[in-house]
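Student: Hey, dropping target-v3.csv in here, CSV, C-alpha atoms:
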chain,number,residue,atom,x,y,z
A,7,MET,CA,-68.3,5.1,298.1
A,8,GLU,CA,-67.3,2.0,296.2
A,9,GLU,CA,-66.6,0.1,299.4
A,10,VAL,CA,-69.9,1.1,300.9
A,11,ALA,CA,-71.7,-0.2,297.8
A,12,ARG,CA,-69.9,-3.5,297.9
A,13,GLU,CA,-70.7,-4.1,301.6
A,14,ARG,CA,-74.4,-3.5,301.3
A,15,LYS,CA,-74.9,-5.3,298.0
A,16,GLY,CA,-77.6,-2.9,297.0
A,17,PHE,CA,-76.7,-2.7,293.3
A,18,GLY,CA,-77.6,-3.7,289.8
A,19,VAL,CA,-77.0,-3.2,286.1
A,20,VAL,CA,-79.5,-2.1,283.4
A,21,ARG,CA,-78.7,-2.5,279.7
A,22,ASP,CA,-80.9,-0.5,277.2
A,23,GLY,CA,-83.8,-0.4,279.7
A,24,LYS,CA,-83.7,-4.0,280.9
A,25,LEU,CA,-82.3,-5.2,284.2
A,26,LEU,CA,-79.5,-7.7,284.0
A,27,LEU,CA,-79.7,-10.5,286.6
A,28,ASP,CA,-76.3,-12.1,286.3
A,29,GLU,CA,-73.9,-9.2,287.1
A,30,GLU,CA,-73.3,-10.1,290.8
A,31,ALA,CA,-69.6,-9.3,290.5
A,32,TYR,CA,-70.0,-5.7,289.6
A,33,ALA,CA,-71.0,-4.3,293.0
A,34,SER,CA,-69.2,-0.9,292.8
A,35,PRO,CA,-69.2,1.7,290.1
A,36,GLY,CA,-65.5,1.1,289.5
A,37,ASP,CA,-66.1,-2.7,289.1
A,38,PHE,CA,-68.8,-1.9,286.6
A,39,LEU,CA,-66.7,0.5,284.5
A,40,ARG,CA,-63.9,-2.0,284.3
A,41,TRP,CA,-66.3,-4.6,283.2
A,42,VAL,CA,-67.8,-2.4,280.4
A,43,GLY,CA,-64.2,-1.5,279.3
A,44,GLU,CA,-65.0,1.3,276.8
A,45,GLY,CA,-67.4,4.2,276.5
A,46,ALA,CA,-68.3,7.6,277.7
A,47,TYR,CA,-69.8,7.9,281.2
A,48,THR,CA,-71.2,10.2,283.8
A,49,ALA,CA,-72.2,9.6,287.5
A,50,ILE,CA,-75.3,11.1,289.1
A,51,ARG,CA,-76.3,11.1,292.8
A,52,VAL,CA,-80.1,10.8,293.0
A,53,PRO,CA,-81.6,11.5,296.4
A,54,GLY,CA,-85.3,10.9,295.5
A,55,LYS,CA,-87.5,8.2,294.1
A,56,HIS,CA,-87.7,7.1,290.5
A,57,ASP,CA,-90.6,9.3,289.6
A,58,GLU,CA,-88.9,12.5,290.9
A,59,PRO,CA,-86.7,14.8,288.8
A,60,ILE,CA,-83.1,13.7,288.3
A,61,PRO,CA,-80.7,16.4,289.6
A,62,LEU,CA,-78.7,18.2,286.9
A,63,LEU,CA,-79.8,15.7,284.2
A,64,ASP,CA,-79.5,18.2,281.4
A,65,ARG,CA,-75.9,19.0,282.3
A,66,HIS,CA,-75.0,15.3,282.6
A,67,LEU,CA,-76.5,14.7,279.1
A,68,ARG,CA,-74.5,17.5,277.6
A,69,ARG,CA,-71.4,16.2,279.2
A,70,LEU,CA,-72.1,12.7,277.8
A,71,SER,CA,-72.7,14.2,274.4
A,72,GLU,CA,-69.3,16.1,274.5
A,73,SER,CA,-67.4,13.0,275.7
A,74,ILE,CA,-69.0,10.7,273.0
A,75,GLN,CA,-68.0,13.1,270.2
A,76,ILE,CA,-64.4,13.5,271.5
A,77,LEU,CA,-64.0,9.7,272.0
A,78,ALA,CA,-65.6,8.8,268.6
A,79,LYS,CA,-63.1,11.1,266.8
A,80,GLU,CA,-59.9,10.7,268.8
A,81,LYS,CA,-60.1,7.1,270.2
A,82,TRP,CA,-62.9,4.9,268.8
A,83,HIS,CA,-62.4,6.0,265.1
A,84,ALA,CA,-66.1,5.5,264.5
A,85,ASN,CA,-68.9,7.4,262.8
A,86,VAL,CA,-71.6,7.4,265.5
A,87,VAL,CA,-75.1,7.2,263.9
A,88,GLY,CA,-77.8,9.6,265.1
A,89,ASP,CA,-78.2,13.0,266.8
A,90,LEU,CA,-75.8,13.4,269.7
A,91,ARG,CA,-77.3,16.5,271.1
A,92,ALA,CA,-78.3,16.2,274.8
A,93,GLY,CA,-82.1,16.3,274.0
A,94,SER,CA,-81.8,13.4,271.6
A,95,LEU,CA,-79.4,11.5,273.7
A,96,SER,CA,-82.0,11.4,276.5
A,97,ARG,CA,-84.0,9.0,274.4
A,98,ILE,CA,-81.2,6.5,274.7
A,99,VAL,CA,-80.3,7.2,278.3
A,100,LEU,CA,-83.4,8.0,280.2
A,101,PRO,CA,-85.2,4.6,279.9
A,102,SER,CA,-82.2,2.8,281.5
A,103,ILE,CA,-81.9,5.4,284.3
A,104,GLN,CA,-85.6,5.2,285.1
A,105,SER,CA,-85.5,1.4,285.1
A,106,ALA,CA,-82.5,1.4,287.5
A,107,LEU,CA,-84.2,3.8,289.9
A,108,LYS,CA,-87.3,1.6,289.9
A,109,HIS,CA,-85.3,-1.4,290.9
A,110,GLN,CA,-83.3,0.4,293.6
A,111,THR,CA,-84.4,0.4,297.3
A,112,LEU,CA,-82.8,2.8,299.8
A,113,THR,CA,-82.9,1.1,303.2
A,114,LYS,CA,-81.0,3.4,305.5
A,115,LEU,CA,-81.6,7.0,306.5
A,116,GLY,CA,-79.5,9.5,304.5
A,117,GLU,CA,-78.8,7.1,301.6
A,118,VAL,CA,-78.9,8.2,298.0
A,119,THR,CA,-78.6,6.3,294.7
A,120,MET,CA,-75.4,6.6,292.8
A,121,VAL,CA,-76.3,6.1,289.1
A,122,THR,CA,-73.3,5.5,286.7
A,123,VAL,CA,-74.4,5.9,283.0
A,124,VAL,CA,-72.3,4.5,280.2
A,125,VAL,CA,-73.0,5.2,276.5
A,126,LYS,CA,-70.9,3.3,273.9
A,127,PRO,CA,-71.1,2.1,270.3
A,128,THR,CA,-72.8,-1.3,270.0
A,129,HIS,CA,-69.8,-2.8,268.1
A,130,LEU,CA,-66.7,-0.9,269.1
A,131,GLN,CA,-63.6,-0.8,266.8
A,132,THR,CA,-60.5,1.1,267.8
A,133,ASN,CA,-58.2,0.5,264.9
A,134,PRO,CA,-57.3,3.9,263.4
A,135,LEU,CA,-56.2,2.3,260.1
A,136,SER,CA,-59.6,0.8,259.4
A,137,SER,CA,-62.4,2.6,257.7
A,138,PRO,CA,-64.6,4.2,260.4
A,139,PRO,CA,-67.7,2.1,260.9
A,140,LYS,CA,-71.1,3.5,261.4
A,141,GLU,CA,-72.1,2.7,265.0
A,142,GLU,CA,-75.4,2.7,266.9
A,143,LEU,CA,-75.2,3.6,270.6
A,144,SER,CA,-76.1,1.4,273.6
A,145,CYS,CA,-76.6,2.5,277.2
A,146,LEU,CA,-75.7,0.7,280.4
A,147,VAL,CA,-76.5,1.9,283.8
A,148,HIS,CA,-75.1,0.8,287.2
A,149,PHE,CA,-77.0,1.7,290.4
A,150,CYS,CA,-76.0,1.3,294.0
A,151,SER,CA,-76.7,2.9,297.4
A,152,VAL,CA,-74.2,5.2,299.0
A,153,ALA,CA,-74.1,7.5,302.0
A,154,GLY,CA,-75.7,10.9,301.3
A,155,THR,CA,-73.0,12.9,303.1
A,156,ALA,CA,-69.2,12.7,302.6
A,157,LYS,CA,-66.7,12.4,305.4
A,158,PRO,CA,-63.1,13.8,305.6
A,159,VAL,CA,-60.6,11.5,304.0
A,160,ASN,CA,-56.8,11.2,303.8
A,161,LEU,CA,-55.2,11.8,300.3
A,162,CYS,CA,-51.8,10.9,299.1
A,163,THR,CA,-50.2,12.5,296.0
A,164,ALA,CA,-48.7,11.1,292.8
A,165,VAL,CA,-47.5,12.6,289.5
A,166,ALA,CA,-50.2,11.5,287.1
A,167,CYS,CA,-53.0,12.7,284.9
A,168,ARG,CA,-55.8,11.4,282.6
A,169,SER,CA,-54.7,10.4,279.1
A,170,LEU,CA,-57.7,12.2,277.6
A,171,PRO,CA,-59.0,14.7,280.2
A,172,ARG,CA,-61.4,16.5,277.9
A,173,ALA,CA,-63.7,13.4,277.9
A,174,LYS,CA,-65.1,11.3,280.7
A,175,ASP,CA,-63.7,8.0,279.5
A,176,VAL,CA,-64.6,4.6,280.9
A,177,ARG,CA,-61.0,3.5,280.4
A,178,TRP,CA,-60.0,5.7,283.2
A,179,ALA,CA,-61.3,3.1,285.7
A,180,ILE,CA,-58.7,0.7,284.3
A,181,ASP,CA,-55.9,3.3,283.9
A,182,ARG,CA,-56.1,4.4,287.5
A,183,ILE,CA,-55.5,0.9,288.9
A,184,PRO,CA,-51.7,1.3,289.2
A,185,LEU,CA,-52.3,4.5,291.2
A,186,GLU,CA,-54.7,2.8,293.5
A,187,LYS,CA,-52.4,-0.2,294.1
A,188,ARG,CA,-49.6,2.2,295.1
A,189,LYS,CA,-51.8,4.0,297.6
A,190,PRO,CA,-50.7,3.6,301.2
A,191,GLU,CA,-53.0,1.9,303.7
A,192,ASN,CA,-55.6,4.2,305.3
A,193,PHE,CA,-55.5,6.7,302.4
A,194,ALA,CA,-58.9,7.0,300.6
A,195,ASP,CA,-57.7,8.3,297.2
A,196,VAL,CA,-54.8,9.7,295.2
A,197,LEU,CA,-54.4,13.4,294.5
A,198,MET,CA,-52.8,13.7,291.1
A,199,VAL,CA,-50.3,16.4,290.6
A,200,THR,CA,-48.0,17.7,287.8
A,201,GLU,CA,-44.2,17.6,287.8
A,202,GLU,CA,-44.4,21.2,289.0
A,203,ASP,CA,-46.5,20.1,292.0
A,204,LEU,CA,-49.7,21.7,290.6
A,205,ALA,CA,-52.7,19.9,292.2
A,206,LEU,CA,-55.1,18.5,289.5
A,207,GLU,CA,-57.8,16.3,290.9
A,208,THR,CA,-58.2,12.9,292.7
A,209,THR,CA,-58.7,9.7,290.7
A,210,ARG,CA,-62.4,9.9,291.4
A,211,SER,CA,-63.4,13.5,292.3
A,212,ASN,CA,-62.7,17.2,291.9
A,213,PHE,CA,-60.2,19.0,294.1
A,214,PHE,CA,-60.8,22.5,295.4
A,215,VAL,CA,-58.7,24.4,297.9
A,216,VAL,CA,-60.4,26.9,300.3
A,217,ILE,CA,-58.2,29.6,301.7
A,218,THR,CA,-59.4,31.8,304.5
A,219,ARG,CA,-57.8,35.2,304.8
A,220,ALA,CA,-58.4,38.6,306.4
A,221,LYS,CA,-60.3,41.1,304.4
A,222,GLU,CA,-58.1,44.1,303.3
A,223,GLY,CA,-59.0,47.3,305.2
A,224,ARG,CA,-62.5,46.1,306.2
A,225,GLY,CA,-61.9,43.6,309.0
A,226,GLY,CA,-63.3,40.1,309.2
A,227,GLN,CA,-62.4,37.2,306.9
A,228,GLU,CA,-63.1,36.0,303.4
A,229,ALA,CA,-62.8,32.6,301.7
A,230,ILE,CA,-60.9,32.2,298.4
A,231,VAL,CA,-61.7,29.0,296.5
A,232,GLN,CA,-59.0,27.7,294.0
A,233,THR,CA,-58.9,24.8,291.6
A,234,CYS,CA,-56.6,23.9,288.7
A,235,PRO,CA,-57.6,25.2,285.2
A,236,VAL,CA,-58.8,22.6,282.7
A,237,GLN,CA,-55.9,23.6,280.4
A,238,GLU,CA,-53.5,21.8,282.8
A,239,GLY,CA,-55.3,18.4,282.3
A,240,VAL,CA,-58.3,18.5,284.6
A,241,LEU,CA,-61.6,16.8,283.7
A,242,PRO,CA,-64.2,19.5,282.9
A,243,GLY,CA,-66.9,17.7,284.8
A,244,VAL,CA,-70.5,18.7,285.7
A,245,ILE,CA,-70.0,19.3,289.5
A,246,ARG,CA,-66.7,21.2,288.9
A,247,ARG,CA,-68.5,23.6,286.5
A,248,LEU,CA,-71.5,24.0,288.8
A,249,VAL,CA,-69.2,24.9,291.8
A,250,ILE,CA,-67.4,27.5,289.7
A,251,GLU,CA,-70.7,29.0,288.5
A,252,GLU,CA,-72.1,29.2,292.0
A,253,LEU,CA,-69.0,31.0,293.3
A,254,ALA,CA,-68.7,33.4,290.4
Could you write out this file's structure as structure tokens?
Tutor:
Amino acid sequence: MEEVARERKGFGVVRDGKLLLDEEAYASPGDFLRWVGEGAYTAIRVPGKHDEPIPLLDRHLRRLSESIQILAKEKWHANVVGDLRAGSLSRIVLPSIQSALKHQTLTKLGEVTMVTVVVKPTHLQTNPLSSPPKEELSCLVHFCSVAGTAKPVNLCTAVACRSLPRAKDVRWAIDRIPLEKRKPENFADVLMVTEEDLALETTRSNFFVVITRAKEGRGGQEAIVQTCPVQEGVLPGVIRRLVIEELA
């Protein structure tokens, strides 16, 4: 998806509701996250226009809220000012998302808008020995056009995991660079595994295994869907949770 966005150059960045005009280098979501450097983030695929409902917005806001609180306590060492509940967080996030969608134009059939939302303290300090500062929050949103349907891809494996899997951390876009550099040619992503060969997730998406087997004593077949438990170091993301709920 990042390569598609880079080729078409249908992208932009919004900060606190205002379009930035000088961010030509940040064509892909990954480029954008590495530029931002720190923060909590979520990524939303939006199929419609700016005045239509944003899919799963409440879930994404809750996930952002959880990530901000985890990062503020365990990594930023900051006292974030304000109400971090999802409903209150929407007042910070929604104007920038709406501005991004207004500036986006989908030109090809089947395209959707990928919206990457980052929320971070305005003046970030990460020294655990300093007194925790009181921080206001700022919102940045990257938008780009991507294909609406996914295609089969090749994955390679590597023993790796996120440093803080409970939070969706912007730093992951930087931490994953060594994995991406070691990826063989013609492989789209890296499937991270444990030392015991337990499959976790790829560097940019969830990983589910679908097993088809014969039904016991009834004839026909049934599908079993498996994924790694979050206790093993998997990001508890919005889409992962939705898939599990739908299959329950």
Student: For a quick check of understanding, using only C-alpha atoms, which of A:Leu63, A:Leu146, A:Leu107, A:Ala205 has the smallest distance to A:Thr233?
Tutor: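 That would be A:Ala205, the residue with the smallest distance to A:Thr233.
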Student: From the list A:Arg247, A:Lys81, A:His148, A:Arg168, which residue is nearest A:Gly45 when using all atoms listed in the file?
Tutor: A:Lys81
Student: What's the separation between atom CA of A:Asn192 and atom CA of A:Leu204, in Å to one decimal place?
Tutor: 23.6 Å
Student: Using all atoms listed in the file, find the one residue out of A:Val147, A:Asn160, A:Gly18, A:Arg210 that sits nearest to A:Leu185.
Tutor: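 Closest candidate: A:Arg210.
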Student: Give me the residues near A:Glu58 as a PyMOL selection string, where near means some atom within 12 Å (using all atoms listed in the file) and where sequence neighbours in that chain fewer than 4 positions away do not count.
Tutor: chain A and resi 52-54+63+103-104+107-108
Student: So the first atom is atom CA of A:Val240 and the second is atom CA of A:Ser73; what is the distance between them in Å, to one decimal place?
Tutor: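 Between atom CA of A:Val240 and atom CA of A:Ser73 the gap is 13.9 Å.
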Student: If we count only C-alpha atoms and set the cut-off at 7 Å, which residues sit around A:Glu228, ignoring sequence neighbours fewer than 4 positions away in its own chain? Please answer as a PyMOL selection string.
Tutor: chain A and resi 218-221
Student: Have a look at A:Val125, A:Leu67, A:Leu77, A:Ala153 and name the one nearest to A:Arg91; count all atoms listed in the file.
Tutor: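 Among the listed residues, A:Leu67 lies closest to A:Arg91.
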Student: How would stretch 98-109 of chain A read, as a PDB file, keeping the file's coordinate frame, once all heavy atoms are built in?
Tutor:
ATOM      1  N   ILE A  98     -81.990   7.684 274.529  1.00  0.00           N
ATOM      2  CA  ILE A  98     -81.200   6.500 274.700  1.00  0.00           C
ATOM      3  C   ILE A  98     -80.943   6.220 276.200  1.00  0.00           C
ATOM      4  O   ILE A  98     -81.001   5.083 276.668  1.00  0.00           O
ATOM      5  CB  ILE A  98     -79.824   6.626 273.998  1.00  0.00           C
ATOM      6  CG1 ILE A  98     -80.037   6.815 272.497  1.00  0.00           C
ATOM      7  CG2 ILE A  98     -78.924   5.427 274.262  1.00  0.00           C
ATOM      8  CD1 ILE A  98     -78.772   7.158 271.741  1.00  0.00           C
ATOM      9  N   VAL A  99     -80.708   7.285 276.954  1.00  0.00           N
ATOM     10  CA  VAL A  99     -80.300   7.200 278.300  1.00  0.00           C
ATOM     11  C   VAL A  99     -81.392   7.061 279.348  1.00  0.00           C
ATOM     12  O   VAL A  99     -81.337   6.255 280.282  1.00  0.00           O
ATOM     13  CB  VAL A  99     -79.356   8.387 278.674  1.00  0.00           C
ATOM     14  CG1 VAL A  99     -79.038   8.438 280.161  1.00  0.00           C
ATOM     15  CG2 VAL A  99     -78.084   8.348 277.844  1.00  0.00           C
ATOM     16  N   LEU A 100     -82.419   7.878 279.183  1.00  0.00           N
ATOM     17  CA  LEU A 100     -83.400   8.000 280.200  1.00  0.00           C
ATOM     18  C   LEU A 100     -84.182   6.708 280.550  1.00  0.00           C
ATOM     19  O   LEU A 100     -84.411   6.411 281.733  1.00  0.00           O
ATOM     20  CB  LEU A 100     -84.448   9.096 279.822  1.00  0.00           C
ATOM     21  CG  LEU A 100     -85.225   9.751 280.980  1.00  0.00           C
ATOM     22  CD1 LEU A 100     -84.276  10.254 282.046  1.00  0.00           C
ATOM     23  CD2 LEU A 100     -86.085  10.886 280.451  1.00  0.00           C
ATOM     24  N   PRO A 101     -84.560   5.864 279.580  1.00  0.00           N
ATOM     25  CA  PRO A 101     -85.200   4.600 279.900  1.00  0.00           C
ATOM     26  C   PRO A 101     -84.405   3.722 280.864  1.00  0.00           C
ATOM     27  O   PRO A 101     -84.952   3.093 281.784  1.00  0.00           O
ATOM     28  CB  PRO A 101     -85.472   3.939 278.580  1.00  0.00           C
ATOM     29  CG  PRO A 101     -85.531   5.060 277.604  1.00  0.00           C
ATOM     30  CD  PRO A 101     -84.525   6.051 278.103  1.00  0.00           C
ATOM     31  N   SER A 102     -83.104   3.676 280.659  1.00  0.00           N
ATOM     32  CA  SER A 102     -82.200   2.800 281.500  1.00  0.00           C
ATOM     33  C   SER A 102     -82.090   3.438 282.901  1.00  0.00           C
ATOM     34  O   SER A 102     -82.062   2.711 283.903  1.00  0.00           O
ATOM     35  CB  SER A 102     -80.873   2.648 280.860  1.00  0.00           C
ATOM     36  OG  SER A 102     -80.980   1.856 279.691  1.00  0.00           O
ATOM     37  N   ILE A 103     -81.983   4.770 282.994  1.00  0.00           N
ATOM     38  CA  ILE A 103     -81.900   5.400 284.300  1.00  0.00           C
ATOM     39  C   ILE A 103     -83.188   5.171 285.090  1.00  0.00           C
ATOM     40  O   ILE A 103     -83.169   4.813 286.278  1.00  0.00           O
ATOM     41  CB  ILE A 103     -81.637   6.919 284.172  1.00  0.00           C
ATOM     42  CG1 ILE A 103     -80.260   7.176 283.555  1.00  0.00           C
ATOM     43  CG2 ILE A 103     -81.741   7.607 285.527  1.00  0.00           C
ATOM     44  CD1 ILE A 103     -79.934   8.648 283.372  1.00  0.00           C
ATOM     45  N   GLN A 104     -84.328   5.363 284.439  1.00  0.00           N
ATOM     46  CA  GLN A 104     -85.600   5.200 285.100  1.00  0.00           C
ATOM     47  C   GLN A 104     -85.798   3.729 285.551  1.00  0.00           C
ATOM     48  O   GLN A 104     -86.307   3.456 286.653  1.00  0.00           O
ATOM     49  CB  GLN A 104     -86.752   5.601 284.180  1.00  0.00           C
ATOM     50  CG  GLN A 104     -86.786   7.107 283.943  1.00  0.00           C
ATOM     51  CD  GLN A 104     -87.781   7.522 282.885  1.00  0.00           C
ATOM     52  OE1 GLN A 104     -88.129   6.740 281.995  1.00  0.00           O
ATOM     53  NE2 GLN A 104     -88.244   8.758 282.958  1.00  0.00           N
ATOM     54  N   SER A 105     -85.386   2.783 284.723  1.00  0.00           N
ATOM     55  CA  SER A 105     -85.500   1.400 285.100  1.00  0.00           C
ATOM     56  C   SER A 105     -84.586   1.082 286.310  1.00  0.00           C
ATOM     57  O   SER A 105     -84.984   0.375 287.243  1.00  0.00           O
ATOM     58  CB  SER A 105     -85.047   0.486 283.927  1.00  0.00           C
ATOM     59  OG  SER A 105     -85.047  -0.874 284.281  1.00  0.00           O
ATOM     60  N   ALA A 106     -83.370   1.650 286.332  1.00  0.00           N
ATOM     61  CA  ALA A 106     -82.500   1.400 287.500  1.00  0.00           C
ATOM     62  C   ALA A 106     -83.061   1.984 288.752  1.00  0.00           C
ATOM     63  O   ALA A 106     -83.028   1.321 289.798  1.00  0.00           O
ATOM     64  CB  ALA A 106     -81.120   2.125 287.173  1.00  0.00           C
ATOM     65  N   LEU A 107     -83.645   3.170 288.703  1.00  0.00           N
ATOM     66  CA  LEU A 107     -84.200   3.800 289.900  1.00  0.00           C
ATOM     67  C   LEU A 107     -85.432   3.025 290.396  1.00  0.00           C
ATOM     68  O   LEU A 107     -85.685   2.954 291.611  1.00  0.00           O
ATOM     69  CB  LEU A 107     -84.553   5.246 289.635  1.00  0.00           C
ATOM     70  CG  LEU A 107     -83.357   6.166 289.363  1.00  0.00           C
ATOM     71  CD1 LEU A 107     -83.825   7.564 289.007  1.00  0.00           C
ATOM     72  CD2 LEU A 107     -82.428   6.208 290.569  1.00  0.00           C
ATOM     73  N   LYS A 108     -86.173   2.423 289.502  1.00  0.00           N
ATOM     74  CA  LYS A 108     -87.300   1.600 289.900  1.00  0.00           C
ATOM     75  C   LYS A 108     -86.915   0.370 290.675  1.00  0.00           C
ATOM     76  O   LYS A 108     -87.621  -0.107 291.555  1.00  0.00           O
ATOM     77  CB  LYS A 108     -88.161   1.230 288.684  1.00  0.00           C
ATOM     78  CG  LYS A 108     -88.969   2.358 288.084  1.00  0.00           C
ATOM     79  CD  LYS A 108     -89.745   1.887 286.862  1.00  0.00           C
ATOM     80  CE  LYS A 108     -90.529   3.022 286.239  1.00  0.00           C
ATOM     81  NZ  LYS A 108     -91.263   2.580 285.014  1.00  0.00           N
ATOM     82  N   HIS A 109     -85.753  -0.179 290.315  1.00  0.00           N
ATOM     83  CA  HIS A 109     -85.300  -1.400 290.900  1.00  0.00           C
ATOM     84  C   HIS A 109     -84.460  -1.157 292.206  1.00  0.00           C
ATOM     85  O   HIS A 109     -84.100  -2.108 292.901  1.00  0.00           O
ATOM     86  CB  HIS A 109     -84.445  -2.238 289.956  1.00  0.00           C
ATOM     87  CG  HIS A 109     -85.256  -2.890 288.887  1.00  0.00           C
ATOM     88  ND1 HIS A 109     -85.413  -2.335 287.642  1.00  0.00           N
ATOM     89  CD2 HIS A 109     -85.976  -4.046 288.886  1.00  0.00           C
ATOM     90  CE1 HIS A 109     -86.177  -3.128 286.906  1.00  0.00           C
ATOM     91  NE2 HIS A 109     -86.528  -4.165 287.631  1.00  0.00           N
TER      92      HIS A 109
END
